[in-house]
$ cat query21.tsv   # TSV, C-alpha atoms and all ligand atoms
chain	number	residue	atom	x	y	z
H	219	MET	CA	118.63	89.06	142.55
H	220	ALA	CA	117.43	90.93	139.49
H	221	LEU	CA	117.08	90.10	135.83
H	222	ARG	CA	118.90	92.07	133.18
H	223	GLY	CA	118.08	91.57	129.55
H	224	ALA	CA	119.00	92.75	126.12
H	225	ILE	CA	117.53	92.36	122.66
H	226	VAL	CA	119.10	92.21	119.23
H	227	VAL	CA	116.86	93.32	116.37
H	228	ASP	CA	117.39	92.11	112.81
H	229	THR	CA	117.08	95.68	111.56
H	230	GLU	CA	116.95	94.69	107.89
H	231	LYS	CA	113.99	92.36	108.52
H	232	CYS	CA	112.11	94.74	110.84
H	233	LYS	CA	109.08	96.42	109.29
H	234	GLY	CA	108.69	99.09	111.96
H	235	CYS	CA	105.20	97.95	112.95
H	236	SER	CA	105.60	99.05	116.61
H	237	VAL	CA	103.85	95.96	117.96
H	238	CYS	CA	106.95	95.16	120.06
H	239	VAL	CA	107.13	98.76	121.30
H	240	VAL	CA	103.64	98.72	122.83
H	241	ASN	CA	104.11	95.20	124.22
H	242	CYS	CA	107.30	95.98	126.16
H	243	PRO	CA	106.37	96.31	129.85
H	244	THR	CA	109.49	98.38	130.59
H	245	GLN	CA	109.37	100.86	127.68
H	246	THR	CA	112.77	99.69	126.49
H	247	ILE	CA	112.04	99.81	122.75
H	248	ALA	CA	111.48	102.67	120.33
H	249	LEU	CA	111.61	103.04	116.57
H	250	ALA	CA	114.83	104.52	115.22
H	251	ARG	CA	114.85	107.82	113.33
H	252	GLU	CA	116.97	106.03	110.72
H	253	VAL	CA	115.40	103.64	108.23
H	254	ASN	CA	116.56	100.32	106.81
H	255	SER	CA	117.01	99.62	103.10
H	256	LYS	CA	113.25	99.13	102.67
H	257	GLY	CA	112.49	102.48	104.31
H	258	TYR	CA	111.20	101.16	107.62
H	259	ASN	CA	112.07	102.86	110.93
H	260	TYR	CA	113.39	99.80	112.71
H	261	ALA	CA	113.04	98.91	116.40
H	262	TYR	CA	115.97	99.34	118.80
H	263	MET	CA	116.66	99.46	122.54
H	264	GLU	CA	116.22	103.10	123.43
H	265	SER	CA	116.65	102.42	127.17
H	266	PRO	CA	118.82	99.28	127.31
H	267	GLU	CA	119.20	99.50	131.10
H	268	SER	CA	115.47	98.77	131.62
H	269	CYS	CA	115.21	95.50	129.64
H	270	THR	CA	114.46	92.45	131.82
H	271	GLY	CA	114.65	89.89	129.04
H	272	CYS	CA	110.97	88.94	129.42
H	273	THR	CA	110.70	87.95	125.70
H	274	ASN	CA	107.32	89.67	125.22
H	275	CYS	CA	108.60	91.74	122.29
H	276	ALA	CA	110.05	88.71	120.51
H	277	THR	CA	106.88	86.67	121.08
H	278	VAL	CA	104.61	89.24	119.41
H	279	CYS	CA	106.92	90.28	116.57
H	280	PRO	CA	105.15	89.10	113.38
H	281	ASP	CA	108.46	88.98	111.52
H	282	THR	CA	110.44	87.23	114.27
H	283	CYS	CA	113.26	89.79	114.13
H	284	ILE	CA	114.07	89.89	117.84
H	285	THR	CA	116.54	87.70	119.73
H	286	VAL	CA	116.47	88.02	123.53
H	287	TYR	CA	119.27	87.53	126.08
H	288	ARG	CA	118.90	87.43	129.86
H	289	ILE	CA	121.14	87.13	132.91
H	290	LYS	CA	120.67	87.13	136.67
H	291	VAL	CA	122.62	89.83	138.48
D	110	MET	CA	126.81	96.08	133.32
D	111	ASP	CA	127.31	96.56	129.62
D	112	VAL	CA	124.86	95.27	127.04
D	113	LYS	CA	127.66	93.34	125.35
D	114	ASP	CA	128.15	91.31	128.54
D	115	ILE	CA	124.52	90.21	128.30
D	116	ILE	CA	124.46	89.46	124.58
D	117	LYS	CA	126.30	86.13	124.66
D	118	PRO	CA	125.14	82.77	123.28
D	119	GLU	CA	124.89	81.24	126.77
D	120	ASN	CA	122.41	83.96	127.83
D	121	ARG	CA	120.08	83.57	124.86
D	122	VAL	CA	116.46	82.93	125.94
D	123	TYR	CA	114.59	83.54	122.69
D	124	ALA	CA	115.63	83.09	119.08
D	125	LYS	CA	113.90	82.34	115.79
D	126	THR	CA	113.06	78.64	115.54
D	127	PRO	CA	114.92	76.85	112.73
D	128	VAL	CA	111.53	75.54	111.51
D	129	LEU	CA	110.87	79.10	110.32
D	130	THR	CA	112.87	79.83	107.16
D	131	SER	CA	114.90	83.04	106.98
D	132	THR	CA	112.84	84.28	104.01
D	133	THR	CA	111.36	87.73	104.71
D	134	MET	CA	107.58	87.40	104.88
D	135	HIS	CA	105.54	89.24	102.24
D	136	TYR	CA	102.90	90.23	104.82
D	137	CYS	CA	102.18	93.88	105.60
D	138	PRO	CA	103.93	95.25	108.73
D	139	GLY	CA	102.18	94.04	111.89
D	140	CYS	CA	99.99	91.43	110.16
D	141	SER	CA	98.76	88.64	112.46
D	142	HIS	CA	99.60	85.99	109.84
D	143	GLY	CA	103.33	86.29	110.62
D	144	THR	CA	102.81	85.82	114.36
D	145	VAL	CA	100.64	82.74	113.86
D	146	HIS	CA	103.15	81.23	111.40
D	147	LYS	CA	105.85	81.66	114.04
D	148	LEU	CA	103.76	79.96	116.73
D	149	ILE	CA	102.99	76.98	114.47
D	150	ALA	CA	106.70	76.65	113.63
D	151	GLU	CA	107.64	76.76	117.33
D	152	VAL	CA	105.11	74.03	118.17
D	153	ILE	CA	106.48	71.85	115.34
D	154	GLU	CA	110.01	72.35	116.65
D	155	GLU	CA	109.05	71.64	120.27
D	156	MET	CA	107.14	68.47	119.32
D	157	GLY	CA	110.02	67.35	117.05
D	158	ILE	CA	107.64	66.71	114.13
D	159	GLN	CA	109.20	68.77	111.34
D	160	GLU	CA	109.66	65.69	109.14
D	161	GLN	CA	106.14	64.38	109.88
D	162	THR	CA	104.08	67.52	109.31
D	163	ILE	CA	102.23	68.46	106.13
D	164	GLY	CA	100.57	71.86	105.82
D	165	ILE	CA	97.84	72.79	103.34
D	166	SER	CA	98.04	76.46	102.38
D	167	PRO	CA	94.95	78.38	101.28
D	168	VAL	CA	94.11	81.02	98.72
D	169	GLY	CA	94.39	84.34	100.51
D	170	CYS	CA	97.34	86.30	101.86
D	171	ALA	CA	98.69	83.07	103.41
D	172	VAL	CA	98.96	81.33	100.03
D	173	PHE	CA	102.75	81.57	100.33
D	174	ALA	CA	102.89	80.04	103.83
D	175	TYR	CA	105.03	77.28	102.29
D	176	ASN	CA	107.86	79.79	101.87
D	177	TYR	CA	108.06	80.39	105.61
D	178	ILE	CA	107.51	77.17	107.55
D	179	ASP	CA	110.08	74.56	106.59
D	180	ILE	CA	107.88	71.46	106.28
D	181	ASP	CA	106.09	69.65	103.44
D	182	TRP	CA	103.20	71.59	101.93
D	183	GLN	CA	100.44	71.42	99.40
D	184	GLN	CA	98.58	74.46	98.12
D	185	ALA	CA	94.82	74.05	97.72
D	186	ALA	CA	92.30	75.71	95.42
D	187	HIS	CA	90.28	78.42	97.20
D	188	GLY	CA	88.43	76.91	100.18
D	189	ARG	CA	89.39	73.33	99.38
D	190	ALA	CA	92.18	72.88	101.95
D	191	PRO	CA	90.06	70.59	104.19
D	192	ALA	CA	89.40	68.25	101.24
D	193	LEU	CA	93.11	68.09	100.41
D	194	ALA	CA	93.91	67.59	104.10
D	195	THR	CA	91.41	64.72	104.26
D	196	ALA	CA	93.11	62.93	101.38
D	197	THR	CA	96.59	63.64	102.71
D	198	LYS	CA	95.80	62.40	106.22
D	199	ARG	CA	94.03	59.27	104.97
D	200	LEU	CA	96.92	58.39	102.66
D	201	HIS	CA	99.51	59.18	105.35
D	202	PRO	CA	97.80	58.47	108.68
D	203	GLU	CA	101.12	58.71	110.54
D	204	LYS	CA	101.62	62.35	109.51
D	205	TYR	CA	100.44	65.52	111.22
D	206	VAL	CA	98.24	67.35	108.72
D	207	PHE	CA	96.92	70.88	109.16
D	208	THR	CA	95.12	73.46	107.06
D	209	TYR	CA	95.79	77.17	107.38
D	210	GLN	CA	92.82	79.22	106.14
D	211	GLY	CA	91.44	82.76	106.14
D	212	ASP	CA	87.81	83.72	106.72
D	213	GLY	CA	87.09	84.20	103.02
D	214	ASP	CA	88.66	80.84	102.25
D	215	LEU	CA	87.08	78.89	105.13
D	216	ALA	CA	83.77	80.65	105.84
D	217	SER	CA	82.75	81.68	102.31
D	218	ILE	CA	83.88	79.72	99.27
D	219	GLY	CA	85.03	76.74	101.37
D	220	THR	CA	82.05	76.41	103.72
D	221	ALA	CA	81.04	72.99	102.38
D	222	GLU	CA	84.54	71.53	102.65
D	223	ILE	CA	85.18	72.70	106.22
D	224	MET	CA	81.75	71.63	107.48
D	225	HIS	CA	82.01	68.12	106.05
D	226	ALA	CA	85.64	67.56	107.04
D	227	CYS	CA	84.79	68.57	110.61
D	228	ASN	CA	81.60	66.53	110.57
D	229	ARG	CA	83.53	63.46	109.43
D	230	GLY	CA	85.97	64.13	112.26
D	231	GLU	CA	89.07	63.94	110.10
D	232	ASN	CA	92.14	63.75	112.33
D	233	ILE	CA	93.48	67.07	111.13
D	234	VAL	CA	94.19	70.48	112.63
D	235	VAL	CA	92.50	73.58	111.23
D	236	ILE	CA	94.05	77.00	111.85
D	237	PHE	CA	91.43	79.64	111.00
D	238	ILE	CA	92.63	83.25	110.64
D	239	ASN	CA	89.57	85.45	111.09
D	240	ASN	CA	90.43	89.03	110.14
D	241	ALA	CA	86.85	89.82	109.05
D	242	ILE	CA	87.90	90.77	105.52
D	243	TYR	CA	89.33	89.51	102.24
D	244	GLY	CA	92.85	90.80	102.80
D	245	MET	CA	94.57	89.54	99.67
D	246	THR	CA	92.18	90.92	97.09
D	247	GLY	CA	91.98	94.43	98.54
D	248	GLY	CA	89.65	94.42	101.51
D	249	GLN	CA	86.25	93.16	100.38
D	250	MET	CA	83.49	92.15	102.82
D	251	ALA	CA	83.78	88.63	104.24
D	252	PRO	CA	81.07	86.52	105.91
D	253	THR	CA	82.75	87.45	109.22
D	254	THR	CA	82.76	91.24	108.60
D	255	LEU	CA	81.14	93.08	111.51
D	256	ILE	CA	77.86	94.99	111.27
D	257	GLY	CA	78.62	98.58	110.22
D	258	MET	CA	82.17	97.74	109.13
D	259	LYS	CA	83.22	99.55	105.97
D	260	THR	CA	84.95	97.49	103.31
D	261	ALA	CA	85.55	97.87	99.57
D	262	THR	CA	82.24	96.09	98.88
D	263	SER	CA	80.30	97.56	101.83
D	264	PRO	CA	81.34	101.21	101.56
D	265	TYR	CA	78.45	102.35	103.78
D	266	GLY	CA	79.13	99.64	106.33
D	267	ARG	CA	77.79	96.07	106.53
D	268	ASP	CA	74.01	96.18	106.63
D	269	PRO	CA	72.42	92.99	107.99
D	270	LYS	CA	69.30	93.51	105.82
D	271	LEU	CA	71.45	93.57	102.72
D	272	HIS	CA	74.41	91.38	103.66
D	273	GLY	CA	73.23	89.11	106.47
D	274	GLN	CA	74.68	88.78	109.95
D	275	PRO	CA	78.38	88.04	110.66
D	276	LEU	CA	78.83	84.29	110.35
D	277	LYS	CA	80.09	82.74	113.58
D	278	ILE	CA	81.27	79.64	111.82
D	279	THR	CA	83.37	78.47	114.76
D	280	ASN	CA	80.18	78.17	116.84
D	281	LEU	CA	78.67	75.97	114.12
D	282	ILE	CA	81.83	73.85	113.92
D	283	ALA	CA	81.66	73.28	117.69
D	284	GLN	CA	78.20	71.68	117.23
D	285	LEU	CA	79.55	68.99	114.93
D	286	GLU	CA	80.16	65.54	116.43
D	287	GLY	CA	83.45	65.16	114.56
D	288	THR	CA	85.27	67.98	116.33
D	289	CYS	CA	87.06	67.31	119.63
D	290	TYR	CA	88.61	70.72	120.31
D	291	VAL	CA	87.29	74.08	119.16
D	292	THR	CA	88.83	77.26	120.51
D	293	ARG	CA	89.06	80.97	119.74
D	294	GLN	CA	92.33	82.81	120.44
D	295	SER	CA	94.31	85.91	119.41
D	296	VAL	CA	97.93	87.04	119.08
D	297	HIS	CA	97.80	90.78	119.78
D	298	ASN	CA	99.87	90.62	122.97
D	299	ALA	CA	102.43	88.27	124.47
D	300	ALA	CA	100.05	86.54	126.92
D	301	SER	CA	97.49	85.76	124.23
D	302	ALA	CA	100.16	84.64	121.76
D	303	ARG	CA	101.48	82.18	124.38
D	304	LYS	CA	97.93	80.89	124.94
D	305	THR	CA	97.43	80.47	121.21
D	306	LYS	CA	100.65	78.49	121.05
D	307	ARG	CA	99.39	76.13	123.77
D	308	ALA	CA	96.11	75.74	121.84
D	309	ILE	CA	97.98	74.89	118.62
D	310	ARG	CA	100.08	72.34	120.47
D	311	LYS	CA	97.00	70.70	121.99
D	312	ALA	CA	95.40	70.56	118.53
D	313	PHE	CA	98.43	68.76	117.06
D	314	GLU	CA	98.53	66.35	120.01
D	315	ASN	CA	94.82	65.58	119.53
D	316	SER	CA	95.37	64.59	115.92
D	317	ALA	CA	98.02	62.03	116.98
D	318	LEU	CA	95.54	60.61	119.50
D	319	GLY	CA	92.92	60.18	116.77
D	320	LYS	CA	90.34	62.21	118.66
D	321	GLY	CA	88.88	63.98	115.61
D	322	THR	CA	89.19	67.45	114.18
D	323	SER	CA	90.79	70.26	116.22
D	324	PHE	CA	89.82	73.77	115.17
D	325	VAL	CA	91.74	76.85	116.31
D	326	GLU	CA	90.28	80.21	115.31
D	327	VAL	CA	92.68	83.13	115.71
D	328	VAL	CA	90.82	86.44	115.74
D	329	SER	CA	93.27	88.53	113.74
D	330	THR	CA	93.94	91.92	112.19
D	331	CYS	CA	94.26	93.01	108.58
D	332	ASN	CA	95.55	96.49	109.26
D	333	SER	CA	95.88	97.30	105.54
D	334	GLY	CA	92.31	96.23	104.79
D	335	TRP	CA	91.01	97.96	107.90
D	336	LYS	CA	93.01	101.09	107.00
D	337	LEU	CA	94.54	101.39	110.47
D	338	SER	CA	98.10	101.29	111.79
D	339	PRO	CA	99.16	97.86	113.15
D	340	VAL	CA	98.89	99.05	116.77
D	341	LYS	CA	95.51	100.76	116.19
D	342	ALA	CA	94.26	97.64	114.39
D	343	ASN	CA	95.03	95.51	117.45
D	344	GLU	CA	93.14	98.00	119.64
D	345	TRP	CA	90.21	98.06	117.23
D	346	MET	CA	90.14	94.26	117.24
D	347	VAL	CA	89.94	94.07	121.04
D	348	GLU	CA	87.20	96.69	121.14
D	349	ASN	CA	85.07	95.54	118.21
D	350	MET	CA	85.92	91.95	117.24
D	351	PHE	CA	86.13	90.40	120.72
D	352	PRO	CA	82.50	91.17	121.69
D	353	GLU	CA	81.32	89.43	118.50
D	354	TYR	CA	83.96	86.67	118.59
D	355	PRO	CA	84.70	86.07	122.29
D	356	MET	CA	87.95	84.41	123.37
D	357	GLY	CA	88.10	80.93	124.86
D	358	ASP	CA	87.35	77.24	124.32
D	359	LEU	CA	84.02	76.37	122.73
D	360	LYS	CA	84.64	72.63	123.07
D	361	ASP	CA	87.32	70.42	124.62
D	362	ARG	CA	86.83	66.70	124.98
B	401	LIG	C1	88.09	80.26	92.90
B	401	LIG	C2	88.57	81.62	93.32
B	401	LIG	N1	87.69	82.59	93.60
B	401	LIG	C3	88.11	83.80	94.01
B	401	LIG	C4	89.45	84.07	94.13
B	401	LIG	C5	89.89	85.45	94.55
B	401	LIG	N2	90.37	85.49	95.93
B	401	LIG	C6	91.68	85.39	96.24
B	401	LIG	S1	91.98	85.52	97.88
B	401	LIG	C7	90.33	85.72	98.22
B	401	LIG	C8	89.82	85.93	99.61
B	401	LIG	C9	90.88	85.86	100.65
B	401	LIG	O1	90.35	86.21	101.90
B	401	LIG	P1	90.69	85.38	103.20
B	401	LIG	O2	90.48	83.93	102.96
B	401	LIG	O3	89.93	85.98	104.31
B	401	LIG	O4	92.27	85.56	103.37
B	401	LIG	P2	93.13	86.82	103.89
B	401	LIG	O5	93.80	87.34	102.68
B	401	LIG	O6	92.18	87.80	104.51
B	401	LIG	O7	94.07	86.23	104.88
B	401	LIG	C10	89.57	85.69	97.04
B	401	LIG	C11	88.12	85.87	97.00
B	401	LIG	C12	90.37	83.03	93.81
B	401	LIG	N3	91.69	83.20	93.92
B	401	LIG	N4	89.90	81.82	93.43
B	402	LIG	S1	112.65	91.45	126.45
B	402	LIG	FE1	110.90	92.34	127.59
B	402	LIG	S2	111.78	94.10	128.66
B	402	LIG	FE2	113.27	93.54	127.08
B	402	LIG	S3	112.75	94.82	125.31
B	402	LIG	FE3	111.64	92.88	125.05
B	402	LIG	S4	109.62	93.24	125.96
B	402	LIG	FE4	111.00	94.88	126.71
B	403	LIG	S1	107.46	93.87	116.17
B	403	LIG	FE1	109.16	93.15	114.89
B	403	LIG	S2	108.80	94.04	112.87
B	403	LIG	FE2	107.51	95.15	114.32
B	403	LIG	S3	108.75	96.94	114.94
B	403	LIG	FE3	109.14	95.33	116.44
B	403	LIG	S4	110.95	94.24	115.68
B	403	LIG	FE4	110.14	95.45	113.98
B	404	LIG	S1	96.43	92.55	103.34
B	404	LIG	FE1	95.83	92.21	105.47
B	404	LIG	S2	95.92	89.96	105.80
B	404	LIG	FE2	97.08	90.46	103.93
B	404	LIG	S3	99.22	90.72	104.59
B	404	LIG	FE3	98.29	92.76	104.58
B	404	LIG	S4	97.54	93.04	106.69
B	404	LIG	FE4	97.93	90.84	106.40
B	405	MG	MG	90.52	87.31	105.76
$ encode --input "query21.tsv" --output "structure tokens" --more "lines below"
Ligand SMILES: Cc1ncc(C[n+]2csc(CCOP(=O)(O)OP(=O)(O)O)c2C)c(N)n1
Ligand code: SF4
Ligand code: SF4
Ligand code: SF4
Ligand SMILES: [Mg+2]
Amino acid sequence: MALRGAIVVDTEKCKGCSVCVVNCPTQTIALAREVNSKGYNYAYMESPESCTGCTNCATVCPDTCITVYRIKV
Amino acid sequence: MDVKDIIKPENRVYAKTPVLTSTTMHYCPGCSHGTVHKLIAEVIEEMGIQEQTIGISPVGCAVFAYNYIDIDWQQAAHGRAPALATATKRLHPEKYVFTYQGDGDLASIGTAEIMHACNRGENIVVIFINNAIYGMTGGQMAPTTLIGMKTATSPYGRDPKLHGQPLKITNLIAQLEGTCYVTRQSVHNAASARKTKRAIRKAFENSALGKGTSFVEVVSTCNSGWKLSPVKANEWMVENMFPEYPMGDLKDR
């Protein structure tokens, strides 16, 4: 049995600080080339297949922009 | 398996607590203040005390904390949050009362208030954000600024002959009879943020038990004041702040 996860980032709220990126143990997250309306490169799942739903990124996000989902497969 | 099969309400394992408002925080990207606000809000939700909690916001970047955590608040004059918390808790002994203070607020202008509130053992919680700088006013030296650290008012680095040694106020607080729980934590990674959350919860539980003052220092970053990126600021904090302000409980009784 394995865990599969996924995150949803509130891209308008994200400030592109990268704290989630360096705290993801599976290198799932990167900052987008595109920016939001405030000019921040927002976080997104660059490698969605590697997310385990561990919630580390959401826990450290200072702006609480990440929602995490997880299933057992 | 497609991502859209995972993103379903029944699979949700982490979402913003409703105790946190949806207002976008004014803090700089990556600022520790936001993470600590979130942890406090999560503890309030988990303990079911949203209606019974009163926060006292400081002067400093966190002055607007009342916009983000959906509870009752008062806003104190610079450094005076512990005095306001004393009055609030004595008038409403059934409430959970906490102060939220920076190092300029708590360890400089408000030294008298924090010392005496802790010495009296007021049944309050103190959350102390030590980022070793005056963030709000543009990065001036604080009592907690490290030796050699460059700030707007110590452009050649803090010199102990000129400016004194970094003030380890949490160590002094731990000596006071009135405090029951004194701990130093951080929020730079997920494991430490979870530990900080447990410390905040314990502090709130202590105040309901009438055990005295609980004091939670969070060694934090001010990446704007330190002139580093958020990620580099966290690394700098681990390397330079932790040796001076080591993690862990100073007192637990
Ligand atoms: C009586 C008074 N003196 C000085 C100030 C100016 N002032 C505003 S915030 C601040 C220091 C804030 O530093 P800190 O408490 O460390 O908070 P941070 O912004 O770093 O979180 C000072 C000196 C003030 N507002 N009121
Ligand atoms: S939930 Fe865990 S694995 Fe998934 S993106 Fe966040 S930190 Fe990475
Ligand atoms: S930690 Fe939050 S604000 Fe920072 S980049 Fe990640 S999602 Fe955006
Ligand atoms: S100035 Fe410093 S303490 Fe204030 S919001 Fe910016 S990073 Fe945070
Ligand atoms: Mg400060």
$ closest_residue --input "query21.tsv" --among "D:Pro339, D:Pro355, D:Pro269, D:Pro202" --to "ligand LIG 403 (chain B)" --atoms "only C-alpha atoms and all ligand atoms"
D:Pro339
$ residues_around --input "query21.tsv" --residues "Met263 of chain H" --least-positions-apart "6" --cutoff "10 Å" --atoms "all atoms listed in the file" --output "PyMOL selection string"
chain H and resi 224-227+239+245-250+269
$ residues_near_ligand --input "query21.tsv" --ligand "ligand MG 405 (chain B)" --cutoff "9 Å" --atoms "only C-alpha atoms and all ligand atoms" --output "MDAnalysis selection string"
chainID D and resid 169:170 210:214 238:245 248 251 253 329:331
$ residues_around --input "query21.tsv" --residues "Cys242 of chain H" --least-positions-apart "4" --cutoff "12 Å" --atoms "only C-alpha atoms" --output "VMD selection string"
(chain H and resid 225 236 to 238 246 to 248 261 to 265 268 to 279) or (chain D and resid 298 to 300)
$ closest_atom_pairs --input "query21.tsv" --of "chain D" --to "chain H" --cutoff "6 Å" --atoms "all atoms listed in the file" --output "Markdown table"
| residue | atom | partner | partner_atom | distance |
| --- | --- | --- | --- | --- |
| D:Ile116 | CA | H:Tyr287 | CA | 5.7 |
| D:Asn120 | CA | H:Tyr287 | CA | 5.1 |
| D:Arg121 | CA | H:Tyr287 | CA | 4.2 |
| D:Val122 | CA | H:Tyr287 | CA | 5.4 |
| D:Tyr123 | CA | H:Val286 | CA | 4.9 |
| D:Ala124 | CA | H:Thr285 | CA | 4.7 |
| D:Pro138 | CA | H:Cys235 | CA | 5.2 |
| D:Gly139 | CA | H:Cys235 | CA | 5.1 |
| D:Gly143 | CA | H:Pro280 | CA | 4.3 |
| D:Thr144 | CA | H:Pro280 | CA | 4.1 |
| D:Ala299 | CA | H:Asn274 | CA | 5.1 |
| D:Val340 | CA | H:Val237 | CA | 6.0 |
$ closest_residue --input "query21.tsv" --among "D:Ala302, D:Ile282, D:Ala342, D:Ala185" --to "ligand LIG 401 (chain B)" --atoms "all atoms listed in the file"
D:Ala185
$ atom_distance --input "query21.tsv" --atom1 "atom C2 of ligand LIG 401 (chain B)" --atom2 "atom CA of His187 of chain D"
5.3 Å
$ closest_residue --input "query21.tsv" --among "D:Arg362, D:Lys147, D:Arg189, D:Lys113" --to "ligand LIG 401 (chain B)" --atoms "only C-alpha atoms and all ligand atoms"
D:Arg189
$ axis_aligned_box --input "query21.tsv" --around "ligand LIG 403 (chain B)" --padding-each-side "4 Å" --output "AutoDock Vina command-line options"
--center_x 109.2 --center_y 95.0 --center_z 114.7 --size_x 11.5 --size_y 11.8 --size_z 11.6
$ atom_distance --input "query21.tsv" --atom1 "atom CA of Leu221 of chain H" --atom2 "atom S2 of ligand LIG 402 (chain B)"
9.8 Å
$ atom_distance --input "query21.tsv" --atom1 "atom CA of Glu154 of chain D" --atom2 "atom CA of Asn315 of chain D"
16.9 Å
$ closest_residue --input "query21.tsv" --among "D:Thr260, D:Ile163, D:Lys320, D:His297" --to "Val347 of chain D" --atoms "all atoms listed in the file"
D:His297
$ closest_residue --input "query21.tsv" --among "D:Val206, D:Met250, D:Ala192, D:Leu129" --to "Gln161 of chain D" --atoms "only C-alpha atoms"
D:Val206
$ closest_residue --input "query21.tsv" --among "H:Arg251, H:Pro243, H:Met219, H:Asp228" --to "Lys125 of chain D" --atoms "all atoms listed in the file"
H:Asp228
$ residues_around --input "query21.tsv" --residues "segment 176-182 of chain D" --least-positions-apart "6" --cutoff "7 Å" --atoms "all atoms listed in the file" --output "JSON, numbers by chain"
{"D": [128, 129, 130, 132, 150, 159, 160, 162, 163, 164, 165]}
$ residues_near_point --input "query21.tsv" --point "(86.0, 79.5, 95.8)" --cutoff "7 Å" --atoms "only C-alpha atoms" --output "list in words"
His187, Gly188, Ile218 and Gly219 of chain D
